[in-house]
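Colleague: Shown below is the structure under consideration.
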Amino acid sequence: MSGLLLRLAGPLQSWGERSAFTPVRDTAPFPTRSALIGMFAAAEGIGRGQSLDRYQELRLTVRVDRPGVRLVDYHTAGGGFPKDRTAATSGGSNKGAAVITRRHYLSDAVFVVAVTAADETVERLAGALSRPHWAPYLGRRSCVPDEPFLLRRHVDDPEEELRTRVPLSRTAPPAKDGDGPEAGTIPVEFLLEQPPPPSSPGEPAPVDVIDVNDAPVSFAQHGRSHTGRRLHRTRLPVPRSLAGPPQTLMQRLIDYAHLEESA
């Protein structure tokens, strides 16, 4: 087993939690498993009606560098035209009026995702993400990812890498006198598909167990379906040295990504 690391950052992201079209197009506060597997399938050229079995083994861990700020966009489509030029219906007709939706986005959010799988799966995904069949996006086609996107192609233990080595896209809060040994770390939110590792000596970090319905079974256009999974949301200590001022972030990310090339 090994893994790769993705950095999901951009002006806007939107991780919808509902497969059906509704007037309110919401967003989860973190990347969903459905969206991430959809991203991998698109990169590999897997069509909507094809099997997703090849992604069942993937274990995903999300580190929340910046949760972002929620924005709501009042969105209209198909208004001001004759009926035959307005938005289409599923029955083959047209709506005859503008379709109004309120679309939710996360602004200025940053997530780093560890993808753990068998070595051959990691190699296949890394190759596809480097030269994607269809371009990746952050939940919606209008949400283009920043660089670096594929942060590392091969890591022996990507979850440990998230906790100890991947640069943080945030500034560390100032340390206070008398903070003790924990002053060398800062707490960062993680979402794990398995219970978190044992914490260091002292008070264990609280864990919030949540159930979400975002594991895709099928992306078929008229037969989308999902099943549930369990997430463990907690805050784990990350070395303070991984954070830094915004003006150094890009150089820190580039230096980290180049470690793999020089290995």
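In the structure tokens, chains take the letters A, B, ... in the order shown, each chain's residues start at 1, and ligands count up from 1 in the order shown.
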Using DSSP on the backbone coordinates, identify the residues of range 6-229 of chain A assigned to strand (DSSP E); present them as a ChimeraX atom specification.

Modeller: /A:6-9,12-13,24-25,59-66,69-77,99-107,110-117,150-155,185-192,207-218,225-229

Colleague: At a cut-off of 8 Å, using only C-alpha atoms, what residues contact range 47-62 of chain A? Leave out same-chain residues fewer than 3 positions from it and give the result as a ChimeraX atom specification.

Modeller: /A:30-31,33,37,41-42,111-117,159,190-193,216-221

Colleague: Rank A:Ala35, A:Val122, A:Ala128, A:Leu12 by their smallest atom-to-atom distance to Val72 in chain A, using only C-alpha atoms, and report the top residue only.

Modeller: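 Between A:Ala35, A:Val122, A:Ala128, A:Leu12, the residue approaching Val72 in chain A most closely is A:Leu12.
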
Colleague: Contacts of Asp119 in chain A at 7 Å or less, counting only C-alpha atoms, minus same-chain residues fewer than 4 places along, as a list of chain:residue names?

Modeller: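 Here the qualifying residues turn out to be A:Met1, A:Ser2, A:Glu123.
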
Colleague: Could you check how far CA of Leu150 in chain A sits from CA of Gly127 in chain A, in Å to one decimal?

Modeller: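 Interatomic distance here is 10.3 Å.
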
Colleague: Apply DSSP to the structure's backbone, then extract all residues of range 73-235 of chain A labelled alpha helix (DSSP H) and return them as a PyMOL selection string.

Modeller: chain A and resi 119-130+158-164

Colleague: Using only C-alpha atoms, pick whichever of A:Tyr137, A:Arg170, A:Val155, A:Ala126 has the shortest atom-to-atom distance to Ser241 in chain A.

Modeller: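 Nearest candidate to Ser241 in chain A out of A:Tyr137, A:Arg170, A:Val155, A:Ala126: A:Arg170.
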
Colleague: As an exercise, work out the distance from CA of Asn213 in chain A to CA of Thr32 in chain A in Å and give it to one decimal place.

Modeller: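 Separating CA of Asn213 in chain A from CA of Thr32 in chain A is a distance of 9.2 Å.
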
Colleague: Restricting the calculation to only C-alpha atoms, which member of A:Gly244, A:Gly139, A:Pro11, A:Gly184 is positioned closest to Arg25 in chain A?

Modeller: A:Gly139

Colleague: CA of Pro67 in chain A and CA of Pro195 in chain A are how many Å apart?

Modeller: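 So the answer is 21.5 Å.
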
Colleague: With a distance cut-off of 9 Å and only C-alpha atoms, select the neighbouring residues of range 103-105 of chain A, excluding the residue or stretch itself and same-chain residues fewer than 5 positions from it, and output the selection as a PyMOL selection string.

Modeller: chain A and resi 12-16+23-27+69-75

Colleague: Take the residues just selected and output them with C-alpha atoms as a PDB file, in the first residue's frame.

Modeller:
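Printed below is selection09.pdb as written:
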```pdb
ATOM      1  CA  LEU A  12     -14.235  28.703  -5.433  1.00  0.00           C
ATOM      2  CA  GLN A  13     -15.125  25.100  -4.614  1.00  0.00           C
ATOM      3  CA  SER A  14     -18.520  23.392  -4.352  1.00  0.00           C
ATOM      4  CA  TRP A  15     -19.010  19.832  -3.090  1.00  0.00           C
ATOM      5  CA  GLY A  16     -22.698  19.074  -3.638  1.00  0.00           C
ATOM      6  CA  PRO A  23     -33.475  24.915  -6.415  1.00  0.00           C
ATOM      7  CA  VAL A  24     -30.817  25.088  -3.694  1.00  0.00           C
ATOM      8  CA  ARG A  25     -27.508  23.588  -4.881  1.00  0.00           C
ATOM      9  CA  ASP A  26     -25.707  23.166  -1.571  1.00  0.00           C
ATOM     10  CA  THR A  27     -22.095  22.342  -0.746  1.00  0.00           C
ATOM     11  CA  VAL A  69     -16.160  31.171   3.528  1.00  0.00           C
ATOM     12  CA  ARG A  70     -19.578  30.106   2.250  1.00  0.00           C
ATOM     13  CA  LEU A  71     -20.963  32.172  -0.639  1.00  0.00           C
ATOM     14  CA  VAL A  72     -24.430  31.934  -2.226  1.00  0.00           C
ATOM     15  CA  ASP A  73     -24.925  32.841  -5.893  1.00  0.00           C
ATOM     16  CA  TYR A  74     -28.400  33.766  -7.182  1.00  0.00           C
ATOM     17  CA  HIS A  75     -28.330  31.966 -10.525  1.00  0.00           C
TER      18      HIS A  75
END
```

Colleague: Near Leu8 in chain A, within 8 Å and counting only C-alpha atoms, which residues show up once chain neighbours fewer than 2 positions away are dropped, as a PDB file with N, CA and C atoms, in the first residue's frame?

Modeller:
```
ATOM      1  N   LEU A   6      -3.197  15.117  -3.006  1.00  0.00           N
ATOM      2  CA  LEU A   6      -3.821  16.150  -3.828  1.00  0.00           C
ATOM      3  C   LEU A   6      -4.050  17.392  -2.984  1.00  0.00           C
ATOM      4  N   GLY A  10      -8.488  26.833  -4.690  1.00  0.00           N
ATOM      5  CA  GLY A  10      -8.929  27.658  -5.809  1.00  0.00           C
ATOM      6  C   GLY A  10      -9.827  28.760  -5.304  1.00  0.00           C
ATOM      7  N   VAL A 110      -8.976  25.535   1.304  1.00  0.00           N
ATOM      8  CA  VAL A 110      -7.857  24.675   0.904  1.00  0.00           C
ATOM      9  C   VAL A 110      -7.959  23.356   1.659  1.00  0.00           C
ATOM     10  N   PHE A 111      -7.946  22.256   0.910  1.00  0.00           N
ATOM     11  CA  PHE A 111      -7.941  20.918   1.486  1.00  0.00           C
ATOM     12  C   PHE A 111      -6.775  20.141   0.878  1.00  0.00           C
ATOM     13  N   VAL A 112      -6.142  19.296   1.685  1.00  0.00           N
ATOM     14  CA  VAL A 112      -5.135  18.371   1.169  1.00  0.00           C
ATOM     15  C   VAL A 112      -5.655  16.962   1.422  1.00  0.00           C
ATOM     16  N   VAL A 113      -5.680  16.145   0.373  1.00  0.00           N
ATOM     17  CA  VAL A 113      -6.285  14.819   0.443  1.00  0.00           C
ATOM     18  C   VAL A 113      -5.222  13.746   0.252  1.00  0.00           C
ATOM     19  N   LEU A 138     -13.120  21.399  -9.048  1.00  0.00           N
ATOM     20  CA  LEU A 138     -13.392  21.313  -7.611  1.00  0.00           C
ATOM     21  C   LEU A 138     -14.907  21.289  -7.356  1.00  0.00           C
ATOM     22  N   PRO A 145      -9.007  24.166 -10.274  1.00  0.00           N
ATOM     23  CA  PRO A 145      -8.030  24.052  -9.187  1.00  0.00           C
ATOM     24  C   PRO A 145      -6.773  24.865  -9.439  1.00  0.00           C
ATOM     25  N   ASP A 146      -6.206  25.362  -8.346  1.00  0.00           N
ATOM     26  CA  ASP A 146      -4.899  26.021  -8.382  1.00  0.00           C
ATOM     27  C   ASP A 146      -3.797  24.984  -8.552  1.00  0.00           C
ATOM     28  N   PHE A 149      -1.534  20.958  -7.964  1.00  0.00           N
ATOM     29  CA  PHE A 149      -2.737  20.143  -7.752  1.00  0.00           C
ATOM     30  C   PHE A 149      -2.348  18.738  -7.279  1.00  0.00           C
TER      31      PHE A 149
END
```
